[in-house]
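Student: For reference, the file query01.cif (mmCIF, C-alpha atoms) is included below:
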```cif
data_run
loop_
_atom_site.label_atom_id
_atom_site.label_comp_id
_atom_site.auth_asym_id
_atom_site.auth_seq_id
_atom_site.Cartn_x
_atom_site.Cartn_y
_atom_site.Cartn_z
CA MET A 1 -63.50 -33.38 -222.26
CA SER A 2 -64.21 -35.81 -219.46
CA GLU A 3 -67.15 -38.13 -219.54
CA VAL A 4 -68.90 -36.14 -216.83
CA ASP A 5 -68.47 -32.89 -218.72
CA GLU A 6 -69.83 -34.46 -221.85
CA LEU A 7 -72.88 -35.77 -220.04
CA VAL A 8 -73.48 -32.43 -218.35
CA ASP A 9 -73.18 -30.73 -221.70
CA LYS A 10 -75.72 -33.02 -223.30
CA LEU A 11 -78.20 -32.75 -220.46
CA LEU A 12 -77.85 -28.97 -220.33
CA GLN A 13 -78.59 -28.80 -224.01
CA GLU A 14 -81.81 -30.70 -223.43
CA LEU A 15 -82.69 -28.43 -220.52
CA ARG A 16 -82.06 -25.25 -222.46
CA ARG A 17 -84.09 -26.20 -225.46
CA GLY A 18 -87.41 -25.26 -223.91
CA THR A 19 -86.18 -22.34 -221.86
CA ILE A 20 -84.88 -20.59 -224.97
CA THR A 21 -88.39 -20.63 -226.45
CA ILE A 22 -89.81 -19.03 -223.32
CA GLY A 23 -86.95 -16.55 -223.25
CA VAL A 24 -87.57 -15.55 -226.85
CA LEU A 25 -91.30 -15.07 -226.29
CA SER A 26 -90.57 -12.90 -223.25
CA GLN A 27 -88.37 -10.50 -225.22
CA LEU A 28 -90.45 -9.89 -228.32
CA ASP A 29 -93.07 -7.42 -227.09
CA GLU A 30 -90.99 -4.94 -229.06
CA PRO A 31 -90.08 -5.99 -232.61
CA GLN A 32 -86.52 -7.29 -232.87
CA TYR A 33 -84.51 -8.78 -235.65
CA GLY A 34 -82.61 -11.96 -235.13
CA TYR A 35 -79.21 -10.62 -234.28
CA SER A 36 -80.46 -7.89 -231.95
CA LEU A 37 -82.29 -10.62 -230.06
CA VAL A 38 -79.07 -12.63 -229.81
CA SER A 39 -77.42 -9.61 -228.16
CA ILE A 40 -80.34 -8.93 -225.82
CA LEU A 41 -80.56 -12.51 -224.66
CA SER A 42 -76.84 -12.82 -224.11
CA GLU A 43 -76.74 -9.51 -222.18
CA LYS A 44 -79.47 -10.88 -219.92
CA GLY A 45 -77.54 -14.03 -219.25
CA MET A 46 -79.07 -16.39 -221.80
CA PRO A 47 -76.48 -16.86 -224.53
CA VAL A 48 -77.95 -18.40 -227.67
CA GLU A 49 -76.17 -19.29 -230.85
CA PRO A 50 -77.60 -17.60 -233.94
CA GLY A 51 -77.62 -20.99 -235.61
CA THR A 52 -80.11 -22.10 -233.00
CA LEU A 53 -82.10 -18.91 -232.64
CA TYR A 54 -82.81 -18.15 -236.30
CA PRO A 55 -84.42 -21.50 -237.07
CA LEU A 56 -86.33 -21.25 -233.79
CA LEU A 57 -87.76 -17.85 -234.72
CA ARG A 58 -88.95 -19.31 -237.99
CA ARG A 59 -90.53 -22.28 -236.27
CA LEU A 60 -92.34 -20.04 -233.78
CA GLU A 61 -93.59 -17.92 -236.65
CA LYS A 62 -94.86 -20.97 -238.45
CA GLN A 63 -96.70 -22.01 -235.30
CA GLY A 64 -98.32 -18.59 -235.23
CA LEU A 65 -96.64 -17.43 -232.02
CA LEU A 66 -94.63 -14.73 -233.77
CA GLU A 67 -95.32 -12.29 -236.56
CA SER A 68 -92.63 -11.02 -238.85
CA LYS A 69 -92.01 -8.16 -241.22
CA TRP A 70 -89.13 -7.33 -243.53
CA ASP A 71 -87.71 -3.85 -243.00
CA THR A 72 -85.87 -2.71 -246.10
CA ASN A 73 -85.48 0.97 -245.13
CA GLU A 74 -82.16 0.55 -243.37
CA GLY A 75 -78.82 -0.27 -244.94
CA ARG A 76 -79.45 -3.97 -245.00
CA PRO A 77 -82.85 -5.66 -245.10
CA ARG A 78 -83.83 -7.21 -241.78
CA LYS A 79 -86.60 -9.44 -240.71
CA TYR A 80 -88.28 -8.16 -237.54
CA TYR A 81 -90.17 -10.49 -235.27
CA LEU A 82 -92.96 -9.64 -232.82
CA VAL A 83 -95.06 -11.77 -230.48
CA SER A 84 -98.54 -12.40 -231.88
CA ARG A 85 -101.71 -12.45 -229.81
CA LYS A 86 -101.63 -16.20 -229.76
CA GLY A 87 -97.98 -16.00 -228.75
CA LYS A 88 -98.84 -13.78 -225.81
CA GLU A 89 -101.44 -16.23 -224.58
CA VAL A 90 -99.03 -19.12 -224.92
CA PHE A 91 -96.29 -17.17 -223.18
CA ALA A 92 -98.56 -16.30 -220.23
CA GLN A 93 -99.37 -19.95 -219.69
CA LEU A 94 -95.78 -21.06 -220.14
CA LYS A 95 -94.69 -18.46 -217.60
CA ASN A 96 -97.08 -19.83 -214.99
CA GLU A 97 -95.97 -23.38 -215.67
CA TRP A 98 -92.36 -22.31 -215.46
CA LYS A 99 -92.89 -20.68 -212.08
CA SER A 100 -94.48 -23.79 -210.72
CA ILE A 101 -91.68 -25.92 -212.09
CA VAL A 102 -89.12 -23.68 -210.39
CA GLY A 103 -91.08 -23.88 -207.14
CA ASN A 104 -91.33 -27.64 -207.33
CA MET A 105 -87.68 -28.07 -208.13
CA GLU A 106 -86.69 -25.96 -205.18
CA GLY A 107 -88.92 -28.08 -203.01
CA LEU A 108 -87.18 -31.19 -204.29
CA PHE A 109 -83.73 -29.74 -203.65
CA ARG A 110 -84.70 -28.70 -200.12
CA GLU A 111 -85.84 -32.23 -199.31
CA ASN A 112 -82.50 -33.59 -200.36
CA GLY A 113 -80.70 -31.01 -198.27
CA MET B 114 -67.37 -17.37 -249.30
CA VAL B 115 -70.50 -16.04 -247.62
CA GLU B 116 -72.57 -16.69 -250.72
CA ARG B 117 -71.16 -20.18 -250.98
CA TYR B 118 -72.13 -20.84 -247.38
CA ILE B 119 -75.66 -19.50 -247.85
CA TYR B 120 -76.04 -21.53 -251.01
CA ALA B 121 -74.88 -24.66 -249.22
CA VAL B 122 -77.48 -24.13 -246.50
CA THR B 123 -80.44 -23.18 -248.67
CA GLN B 124 -79.79 -25.99 -251.14
CA ARG B 125 -80.80 -28.33 -248.36
CA LEU B 126 -84.08 -26.54 -247.69
CA PRO B 127 -87.47 -26.65 -249.39
CA GLN B 128 -87.69 -24.44 -252.46
CA GLY B 129 -90.28 -22.08 -251.00
CA GLN B 130 -88.17 -21.01 -248.02
CA ARG B 131 -84.82 -20.61 -249.73
CA GLN B 132 -85.07 -16.98 -250.76
CA ASP B 133 -86.29 -15.79 -247.38
CA ILE B 134 -83.78 -17.72 -245.36
CA ALA B 135 -80.96 -16.64 -247.68
CA GLU B 136 -81.84 -12.97 -247.06
CA GLU B 137 -81.99 -13.54 -243.36
CA LEU B 138 -78.68 -15.39 -243.24
CA ARG B 139 -76.98 -12.71 -245.29
CA GLY B 140 -78.16 -10.08 -242.80
CA LEU B 141 -77.10 -12.21 -239.87
CA ILE B 142 -73.62 -12.84 -241.21
CA GLU B 143 -73.13 -9.13 -241.92
CA ASP B 144 -74.30 -8.32 -238.39
CA MET B 145 -71.92 -10.86 -236.94
CA LEU B 146 -69.05 -9.48 -239.00
CA ASP B 147 -69.82 -5.91 -237.87
CA GLU B 148 -70.00 -7.01 -234.29
CA GLY B 149 -66.50 -8.43 -234.13
CA ASN B 150 -64.85 -5.77 -236.25
CA ASP B 151 -65.83 -2.33 -234.96
CA GLY B 152 -65.81 -0.78 -238.41
CA ARG B 153 -62.49 -2.22 -239.58
CA PRO B 154 -62.54 -3.67 -243.09
CA VAL B 155 -63.66 -7.26 -243.16
CA GLU B 156 -61.01 -9.85 -243.79
CA ASN B 157 -61.31 -13.43 -244.89
CA SER B 158 -60.27 -14.67 -241.48
CA ASN B 159 -63.21 -12.79 -239.92
CA ILE B 160 -65.62 -14.43 -242.32
CA GLU B 161 -64.17 -17.82 -241.56
CA ARG B 162 -64.57 -17.32 -237.85
CA VAL B 163 -68.21 -16.30 -238.24
CA LEU B 164 -69.06 -19.20 -240.54
CA ILE B 165 -67.40 -21.66 -238.17
CA GLU B 166 -69.46 -20.20 -235.35
CA LEU B 167 -72.64 -20.71 -237.37
CA GLY B 168 -71.84 -24.38 -237.80
CA SER B 169 -71.72 -26.67 -240.80
CA PRO B 170 -74.27 -25.92 -243.55
CA SER B 171 -75.94 -29.31 -243.24
CA GLU B 172 -76.34 -28.87 -239.50
CA LEU B 173 -77.82 -25.42 -239.86
CA ALA B 174 -80.13 -26.57 -242.63
CA GLU B 175 -81.29 -29.41 -240.41
CA LYS B 176 -82.17 -26.96 -237.67
CA TYR B 177 -84.17 -24.90 -240.15
CA ARG B 178 -86.04 -27.94 -241.33
CA GLY B 179 -86.87 -28.77 -237.75
CA THR B 180 -87.74 -32.40 -238.28
CA SER B 181 -85.05 -34.71 -239.47
CA HIS B 182 -85.89 -36.50 -242.66
CA PHE B 183 -86.24 -40.20 -242.23
CA LEU B 184 -85.94 -42.80 -244.87
CA VAL B 185 -87.57 -45.21 -242.47
CA GLY B 186 -88.69 -43.56 -239.25
CA PRO B 187 -88.74 -44.94 -235.72
CA ASP B 188 -92.36 -46.08 -236.01
CA LEU B 189 -91.68 -48.30 -238.95
CA PHE B 190 -88.15 -49.32 -238.13
CA PRO B 191 -88.91 -52.41 -235.99
CA ALA B 192 -91.18 -53.82 -238.69
CA TYR B 193 -88.60 -52.91 -241.33
CA LEU B 194 -85.92 -54.75 -239.43
CA SER B 195 -87.97 -57.90 -238.87
CA VAL B 196 -89.12 -58.10 -242.49
CA MET B 197 -85.53 -57.64 -243.56
CA LYS B 198 -84.26 -60.40 -241.27
CA LEU B 199 -86.96 -62.78 -242.38
CA VAL B 200 -86.33 -62.23 -246.06
CA PHE B 201 -82.60 -62.67 -245.60
CA ILE B 202 -83.00 -65.90 -243.69
CA ILE B 203 -85.31 -67.21 -246.41
CA ALA B 204 -82.97 -66.07 -249.18
CA VAL B 205 -79.94 -67.68 -247.55
CA SER B 206 -81.84 -70.91 -246.95
CA ALA B 207 -83.20 -71.06 -250.47
CA MET B 208 -79.80 -70.39 -252.01
CA GLY B 209 -78.23 -72.85 -249.59
CA ILE B 210 -80.69 -75.56 -250.60
CA ILE B 211 -80.02 -74.97 -254.27
CA PHE B 212 -76.27 -75.01 -253.60
CA ALA B 213 -76.57 -78.28 -251.70
CA VAL B 214 -78.68 -79.91 -254.38
CA GLU B 215 -76.33 -78.88 -257.15
CA THR B 216 -73.34 -80.07 -255.19
CA ILE B 217 -74.95 -83.46 -254.69
CA LEU B 218 -75.67 -83.63 -258.39
CA THR B 219 -72.21 -82.76 -259.58
CA PRO B 220 -69.82 -82.79 -256.65
CA LEU B 221 -66.85 -82.13 -258.86
CA SER B 222 -67.93 -78.62 -259.76
CA ILE B 223 -68.46 -77.66 -256.13
CA LEU B 224 -66.30 -74.58 -256.57
CA SER B 225 -68.33 -73.19 -259.42
CA HIS B 226 -71.52 -73.99 -257.48
CA PHE B 227 -70.13 -72.10 -254.53
CA VAL B 228 -69.30 -69.11 -256.69
CA ASP B 229 -72.82 -69.24 -258.12
CA PHE B 230 -74.13 -69.45 -254.56
CA LEU B 231 -72.21 -66.35 -253.52
CA ILE B 232 -73.22 -64.41 -256.62
CA SER B 233 -76.90 -65.24 -256.39
CA LEU B 234 -76.78 -64.55 -252.66
CA PHE B 235 -75.29 -61.14 -253.32
CA VAL B 236 -77.73 -60.31 -256.09
CA THR B 237 -80.72 -61.49 -254.09
CA ALA B 238 -79.56 -59.67 -250.97
CA THR B 239 -79.07 -56.42 -252.85
CA GLN B 240 -82.41 -56.75 -254.56
CA ALA B 241 -84.22 -57.63 -251.36
CA PHE B 242 -82.56 -54.82 -249.46
CA ALA B 243 -83.38 -52.28 -252.15
CA TRP B 244 -87.01 -53.29 -252.58
CA ILE B 245 -87.81 -53.64 -248.91
CA THR B 246 -86.19 -50.30 -248.18
CA ALA B 247 -88.00 -48.69 -251.12
CA GLY B 248 -91.29 -50.07 -249.89
CA PHE B 249 -90.82 -48.85 -246.35
CA ALA B 250 -89.44 -45.51 -247.51
CA ALA B 251 -92.56 -45.02 -249.64
CA ALA B 252 -94.73 -45.89 -246.66
CA GLN B 253 -92.76 -43.40 -244.58
CA TYR B 254 -92.94 -40.68 -247.22
CA PHE B 255 -96.65 -40.95 -247.77
CA GLY B 256 -97.22 -41.17 -244.05
CA MET B 257 -98.73 -44.59 -244.15
CA THR B 258 -98.38 -46.27 -240.81
CA PRO B 259 -99.70 -49.74 -241.21
CA PHE B 260 -101.52 -50.20 -237.95
CA GLY B 261 -101.57 -53.74 -236.85
CA LEU B 262 -97.84 -53.96 -237.21
CA PRO B 263 -96.37 -54.60 -233.81
CA GLY B 264 -95.33 -51.42 -232.09
CA VAL B 265 -97.20 -48.97 -234.33
CA TYR B 266 -99.81 -46.87 -232.59
CA ASN B 267 -101.78 -43.76 -233.33
CA ARG B 268 -99.57 -40.95 -232.25
CA GLY B 269 -101.23 -38.21 -230.25
CA LYS B 270 -104.71 -39.66 -229.88
CA TRP B 271 -103.97 -43.23 -229.16
CA ASN B 272 -106.34 -45.30 -227.14
CA PRO B 273 -105.36 -48.03 -224.71
CA SER B 274 -107.82 -50.31 -226.51
CA GLU B 275 -105.29 -50.38 -229.34
CA LEU B 276 -102.99 -52.42 -227.14
CA PRO B 277 -102.86 -55.93 -228.47
CA PRO B 278 -103.48 -58.61 -225.89
CA VAL B 279 -100.41 -60.45 -224.72
CA PRO B 280 -100.66 -63.59 -226.82
CA ASP B 281 -101.24 -66.77 -224.93
CA GLU B 282 -98.01 -68.74 -225.10
CA LYS B 283 -99.95 -71.77 -226.34
CA LYS B 284 -101.60 -69.84 -229.17
CA ARG B 285 -98.55 -67.97 -230.29
CA ILE B 286 -97.19 -68.58 -233.74
CA LYS B 287 -93.46 -68.89 -233.53
CA ARG B 288 -91.33 -67.31 -236.18
CA GLY B 289 -89.20 -70.42 -236.36
CA ASP B 290 -92.21 -72.54 -237.32
CA VAL B 291 -93.19 -70.10 -240.02
CA LEU B 292 -89.64 -70.07 -241.35
CA THR B 293 -89.54 -73.85 -241.38
CA GLY B 294 -92.77 -73.84 -243.36
CA ILE B 295 -91.43 -71.42 -245.92
CA ILE B 296 -88.13 -73.24 -246.25
CA PHE B 297 -89.94 -76.54 -246.79
CA SER B 298 -92.05 -74.94 -249.51
CA ILE B 299 -88.90 -73.78 -251.24
CA LEU B 300 -87.30 -77.18 -250.72
CA LEU B 301 -90.31 -78.80 -252.42
CA LEU B 302 -89.92 -76.45 -255.36
CA VAL B 303 -86.19 -77.08 -255.66
CA VAL B 304 -86.67 -80.84 -255.52
CA MET B 305 -89.30 -80.62 -258.25
CA ARG B 306 -87.09 -78.47 -260.45
CA PHE B 307 -84.14 -80.81 -260.14
CA SER B 308 -86.10 -83.99 -259.78
CA ASN B 309 -84.92 -85.77 -262.86
CA HIS B 310 -81.31 -85.54 -262.01
CA LEU B 311 -81.54 -86.29 -258.35
CA PHE B 312 -84.99 -87.27 -257.28
CA GLY B 313 -84.94 -90.93 -258.07
CA ILE B 314 -82.89 -94.05 -257.64
CA LEU B 315 -79.25 -93.18 -258.12
CA LEU B 316 -77.16 -95.77 -259.86
CA PHE B 317 -73.50 -95.69 -259.01
CA GLU B 318 -70.72 -97.38 -260.79
CA ASP B 319 -67.22 -97.14 -259.40
CA HIS B 320 -68.38 -94.40 -257.04
CA HIS B 321 -69.57 -92.31 -259.96
CA LEU B 322 -73.13 -91.30 -260.51
CA GLU B 323 -73.85 -93.35 -263.58
CA ALA B 324 -77.55 -92.78 -264.11
CA THR B 325 -80.71 -91.87 -262.30
CA ILE B 326 -84.00 -93.58 -262.57
CA PRO B 327 -86.30 -90.66 -261.90
CA PHE B 328 -89.42 -91.04 -259.84
CA LEU B 329 -91.22 -88.48 -261.94
CA ASN B 330 -92.07 -88.01 -265.57
CA GLU B 331 -90.12 -85.07 -266.85
CA GLU B 332 -92.46 -84.03 -269.66
CA LYS B 333 -95.50 -84.16 -267.44
CA LEU B 334 -93.60 -82.31 -264.75
CA ASP B 335 -92.88 -79.44 -267.12
CA GLU B 336 -96.57 -79.30 -267.88
CA VAL B 337 -97.62 -79.02 -264.26
CA MET B 338 -94.71 -76.79 -263.22
CA PRO B 339 -96.93 -73.66 -263.16
CA LEU B 340 -99.30 -75.49 -260.82
CA ILE B 341 -96.37 -76.39 -258.58
CA TYR B 342 -95.23 -72.78 -258.53
CA LEU B 343 -98.76 -71.76 -257.61
CA MET B 344 -98.89 -74.34 -254.84
CA VAL B 345 -95.58 -73.21 -253.37
CA ALA B 346 -96.66 -69.57 -253.60
CA ILE B 347 -99.91 -70.33 -251.79
CA GLY B 348 -97.92 -72.21 -249.16
CA ILE B 349 -95.66 -69.21 -248.61
CA VAL B 350 -98.62 -66.84 -248.47
CA LYS B 351 -100.10 -69.10 -245.82
CA GLU B 352 -96.98 -68.91 -243.69
CA ILE B 353 -96.77 -65.13 -244.04
CA THR B 354 -100.43 -64.80 -243.08
CA LYS B 355 -99.67 -66.80 -239.95
CA LEU B 356 -96.69 -64.60 -239.19
CA MET B 357 -98.71 -61.39 -239.53
CA ALA B 358 -101.50 -62.75 -237.36
CA GLY B 359 -98.97 -63.71 -234.70
CA LYS B 360 -101.35 -66.03 -232.86
CA TRP B 361 -103.98 -68.59 -233.61
CA THR B 362 -107.51 -67.23 -233.86
CA LYS B 363 -110.66 -68.80 -235.19
CA ASN B 364 -110.43 -66.70 -238.34
CA LEU B 365 -106.86 -67.74 -238.93
CA ALA B 366 -107.74 -71.39 -238.44
CA VAL B 367 -110.53 -71.06 -241.03
CA THR B 368 -108.15 -69.30 -243.42
CA ASN B 369 -105.65 -72.08 -242.83
CA LEU B 370 -108.36 -74.63 -243.65
CA VAL B 371 -109.26 -72.86 -246.89
CA ILE B 372 -105.62 -72.51 -247.97
CA ASN B 373 -104.85 -76.13 -247.12
CA GLY B 374 -107.95 -77.11 -249.10
CA ALA B 375 -106.62 -75.18 -252.08
CA ILE B 376 -103.22 -76.84 -251.71
CA PHE B 377 -104.92 -80.22 -251.56
CA LEU B 378 -106.95 -79.55 -254.73
CA LEU B 379 -103.84 -78.34 -256.55
CA ALA B 380 -101.93 -81.40 -255.46
CA MET B 381 -104.72 -83.65 -256.72
CA LEU B 382 -104.64 -81.80 -260.03
CA ILE B 383 -100.88 -82.26 -260.26
CA LEU B 384 -101.06 -85.95 -259.36
CA ARG B 385 -104.10 -86.65 -261.53
CA ASP B 386 -104.02 -90.10 -263.16
CA GLN B 387 -100.56 -90.54 -261.66
CA ALA B 388 -99.35 -89.13 -264.96
CA ILE B 389 -96.63 -87.22 -263.20
CA LEU B 390 -94.97 -90.45 -262.15
CA ASN B 391 -92.36 -92.02 -264.33
CA PRO B 392 -94.42 -94.72 -266.08
CA ASP B 393 -91.36 -96.79 -266.87
CA PHE B 394 -89.86 -96.67 -263.42
CA VAL B 395 -90.31 -100.33 -262.60
CA GLN B 396 -89.16 -101.35 -266.05
CA GLN B 397 -86.02 -99.22 -265.89
CA LEU B 398 -85.13 -100.38 -262.44
CA THR B 399 -85.56 -104.06 -263.19
CA ASP B 400 -83.65 -103.64 -266.43
CA SER B 401 -80.69 -102.11 -264.69
CA TRP B 402 -80.75 -104.77 -262.01
CA GLU B 403 -81.24 -107.40 -264.68
CA ILE B 404 -84.38 -108.81 -263.26
CA GLY B 405 -86.76 -110.58 -265.61
CA LYS B 406 -90.46 -109.92 -265.70
CA GLN B 407 -91.22 -113.42 -264.57
CA GLN B 408 -89.07 -113.27 -261.47
CA GLU B 409 -90.54 -112.84 -258.04
CA GLU B 410 -88.45 -109.72 -257.42
CA TYR B 411 -90.20 -107.97 -260.26
CA MET B 412 -93.53 -108.25 -258.52
CA ILE B 413 -92.02 -107.14 -255.25
CA ILE B 414 -90.49 -104.04 -256.79
CA LYS B 415 -93.75 -103.19 -258.50
CA THR B 416 -95.68 -103.58 -255.27
CA VAL B 417 -93.18 -101.51 -253.31
CA TRP B 418 -93.31 -98.79 -255.98
CA ASN B 419 -97.12 -98.62 -255.86
CA GLN B 420 -97.20 -98.81 -252.09
CA SER B 421 -94.60 -96.06 -251.79
CA TYR B 422 -96.69 -93.80 -253.95
CA ASN B 423 -99.77 -94.47 -251.86
CA LEU B 424 -97.79 -93.98 -248.68
CA ALA B 425 -96.33 -90.67 -249.86
CA LEU B 426 -99.78 -89.50 -250.86
CA ALA B 427 -101.21 -90.57 -247.52
CA ALA B 428 -98.40 -88.77 -245.68
CA PHE B 429 -99.07 -85.61 -247.64
CA VAL B 430 -102.80 -85.66 -246.95
CA LEU B 431 -102.18 -86.53 -243.31
CA THR B 432 -99.75 -83.63 -242.93
CA LEU B 433 -102.32 -81.21 -244.34
CA LEU B 434 -104.99 -82.63 -242.06
CA ILE B 435 -102.79 -82.39 -238.97
CA ASP B 436 -101.80 -78.83 -239.89
CA THR B 437 -105.46 -77.84 -240.28
CA MET B 438 -106.54 -79.56 -237.08
CA THR B 439 -103.64 -78.09 -235.10
CA GLY B 440 -104.76 -74.64 -236.19
CA PHE B 441 -108.28 -75.18 -234.93
CA TYR B 442 -107.09 -76.87 -231.77
CA LYS B 443 -104.79 -73.98 -230.89
CA ALA B 444 -107.36 -71.37 -231.85
CA LEU B 445 -110.19 -72.84 -229.84
CA ARG B 446 -108.42 -74.05 -226.71
CA LYS B 447 -108.85 -71.92 -223.67
#
```
Rewrite the coordinates I just gave you, this time as structure tokens.

Tutor:
Amino acid sequence: MSEVDELVDKLLQELRRGTITIGVLSQLDEPQYGYSLVSILSEKGMPVEPGTLYPLLRRLEKQGLLESKWDTNEGRPRKYYLVSRKGKEVFAQLKNEWKSIVGNMEGLFRENG
Amino acid sequence: MVERYIYAVTQRLPQGQRQDIAEELRGLIEDMLDEGNDGRPVENSNIERVLIELGSPSELAEKYRGTSHFLVGPDLFPAYLSVMKLVFIIAVSAMGIIFAVETILTPLSILSHFVDFLISLFVTATQAFAWITAGFAAAQYFGMTPFGLPGVYNRGKWNPSELPPVPDEKKRIKRGDVLTGIIFSILLLVVMRFSNHLFGILLFEDHHLEATIPFLNEEKLDEVMPLIYLMVAIGIVKEITKLMAGKWTKNLAVTNLVINGAIFLLAMLILRDQAILNPDFVQQLTDSWEIGKQQEEYMIIKTVWNQSYNLALAAFVLTLLIDTMTGFYKALRK
């Protein structure tokens, strides 16, 4: 991998870190378990590794943004996650911030041609 | 293999979360296996592929933990490093001084002295490293951030008033000066310990050290040795206090005065009645030079001996005075 690729890779990783959180919050109005969320996100163009997503879900739950419940009725037990009320509030604010960031970035790009 | 993987991950996690995360991982791995296989029986190679995709157990565990575990975190690290450096410089100097003294005493066994030097250096370095690290690790673990250390601020709700003023160049206490102070304290101690072999008039015969006429009285010296240790310790504490303060302030100058006063009192106690001096010094010297009591030289030697003592004492007191005054001068100047 060339030096440029490596740098791009590293910077992209930093960039994605926050967007994945917002992406997750946006998709959990309906309860999902980890792996179904991996599929949904990747279908919608935001591929996430399970190794990243699972710990993230746990962290968001600990912060009170998600609620979880084990479902043992199906063949294998699964932990379903759902956005909490606090999570919804946080998501709404993040969404606004995100929109303004996108707007500002576009402004910056336009200036530079 | 799946169980081994899950075990490897959860082993690295806090007890309370293990069960839950293990369940979740088991489900995830099964899902991932189903995904790639479309109902075909699972083979070992499929499992391997999935586990490789999930990443190494330690990496995954780290992601679950969220925060990395620090032995000594970034807040404490600069202080950790500077304490470490300081202690190593002092250790090397102290060992070096002892090595030098022993080599002067018995130059023929220089090799064995050097080996001793290396061994004690290694032992001291290991000990120092272990204890300093243990201390800082404990501070890290219990979340103690010693404010006042350079570069440590309240995280989150810090206030600009925490910023230390840029020390005035003229008031700053240089690390080199502090080090010199500490090394001299150790030098004093080493000289005292070895005094009777080295610290005196050396008599050579055919380029061999034949005898020493010691300046000090060995028995008395043993008696006051604890006092000397105490004095050296106080001296080192003084230097470390200066280092922590970083610049001269009125308080520091007063502290310096008090400590120097204590050193002075201790020194007077040690030198009381001049008992620590070798009472037979003049006699021994004149004997070895074959000078009779009636000769003029005898009186001269006696006078020089007494004068030297007074001069050394005066120099000592003067040094303490200058050190104290310098402190106040630097603290109070604008």

Student: Can you spell out as a PDB file with C-alpha atoms, in the frame of the given file the set of residues that the PyMOL selection byres ((chain B) within 7 of (chain A)) selects in the structure I just provided?

Tutor:
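That gives us result-v8.pdb:
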```
ATOM      1  CA  GLU B 137     -81.990 -13.540-243.360  1.00  0.00           C
ATOM      2  CA  GLY B 140     -78.160 -10.080-242.800  1.00  0.00           C
ATOM      3  CA  LEU B 141     -77.100 -12.210-239.870  1.00  0.00           C
ATOM      4  CA  ASP B 144     -74.300  -8.320-238.390  1.00  0.00           C
ATOM      5  CA  LEU B 167     -72.640 -20.710-237.370  1.00  0.00           C
ATOM      6  CA  LEU B 173     -77.820 -25.420-239.860  1.00  0.00           C
ATOM      7  CA  LYS B 176     -82.170 -26.960-237.670  1.00  0.00           C
ATOM      8  CA  TYR B 177     -84.170 -24.900-240.150  1.00  0.00           C
TER       9      TYR B 177
END
```

Student: Ranking A:Glu111, A:Glu61, A:Glu97, A:Asp9 by minimum distance to Tyr81 in chain A and counting all atoms listed in the file, which one comes first?

Tutor: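 Ranking A:Glu111, A:Glu61, A:Glu97, A:Asp9 by distance to Tyr81 in chain A, first place goes to A:Glu61.
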
Student: For CA of Arg385 in chain B and CA of Leu340 in chain B, quote the distance in Å rounded to one decimal.

Tutor: 12.2 Å

Student: Would you compute the distance between CA of Met197 in chain B and CA of Ile296 in chain B? Give it in Å to one decimal.

Tutor: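 Computed distance, CA of Met197 in chain B to CA of Ile296 in chain B, equals 16.0 Å.
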
Student: Evaluate the PyMOL selection byres ((chain B and resi 445) around 10) here and jot the selected residues down as a list of chain:residue names.

Tutor: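 This file gives the following for the PyMOL selection byres ((chain B and resi 445) around 10): B:Lys284, B:Trp361, B:Thr362, B:Lys363, B:Ala366, B:Thr439, B:Gly440, B:Phe441, B:Tyr442, B:Lys443, B:Ala444, B:Arg446, B:Lys447.
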
Student: From the options B:Tyr411, B:Lys360, B:Ala174, B:Ile142, which residue's atoms come nearest to Val279 in chain B, counting only C-alpha atoms?

Tutor: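 Closest residue, counting only C-alpha atoms: B:Lys360.
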
Student: Please report the interatomic distance between CA of Leu370 in chain B and CA of Ile435 in chain B in Å with one decimal.

Tutor: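 Answer for the CA of Leu370 in chain B to CA of Ile435 in chain B separation: 10.6 Å.
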
Student: Kindly indicate which residue among A:Leu15, A:Leu66, A:Val8, A:Ile40 lies nearest to Glu89 in chain A, using only C-alpha atoms for the distances.

Tutor: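 Looking only at the distances to Glu89 in chain A, the closest residue turns out to be A:Leu66.
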
Student: Would you list the contacts of Lys86 in chain A as a ChimeraX atom specification, taking every protein, DNA or RNA residue within 8 Å and counting all atoms listed in the file, but skipping same-chain residues closer than 3 positions in sequence?

Tutor: /A:64-65,83,89-90

Student: Name every residue that the PyMOL selection byres ((chain A and resi 31) around 6) selects in this structure, writing the answer as a list in words with chains first and numbers rising.

Tutor: Leu28, Glu30, Gln32, Tyr80, Tyr81 and Leu82 of chain A

Student: So that I can check the surroundings of range 419-431 of chain B, please list as a short mmCIF file (atom, residue, chain, number, x, y, z; two decimals) with C-alpha atoms, in the frame of the given file every protein, DNA and RNA residue that reaches within 10 Å of it, counting all atoms listed in the file and ignoring chain neighbours fewer than 3 positions away.

Tutor:
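Done, and the output landed in out-v1.cif:
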```
data_model
loop_
_atom_site.label_atom_id
_atom_site.label_comp_id
_atom_site.auth_asym_id
_atom_site.auth_seq_id
_atom_site.Cartn_x
_atom_site.Cartn_y
_atom_site.Cartn_z
CA PHE B 328 -89.42 -91.04 -259.84
CA ASN B 373 -104.85 -76.13 -247.12
CA PHE B 377 -104.92 -80.22 -251.56
CA ALA B 380 -101.93 -81.40 -255.46
CA MET B 381 -104.72 -83.65 -256.72
CA LEU B 384 -101.06 -85.95 -259.36
CA GLN B 387 -100.56 -90.54 -261.66
CA LEU B 390 -94.97 -90.45 -262.15
CA VAL B 395 -90.31 -100.33 -262.60
CA ILE B 413 -92.02 -107.14 -255.25
CA ILE B 414 -90.49 -104.04 -256.79
CA LYS B 415 -93.75 -103.19 -258.50
CA THR B 416 -95.68 -103.58 -255.27
CA LEU B 434 -104.99 -82.63 -242.06
CA ILE B 435 -102.79 -82.39 -238.97
CA ASP B 436 -101.80 -78.83 -239.89
CA THR B 437 -105.46 -77.84 -240.28
#
```
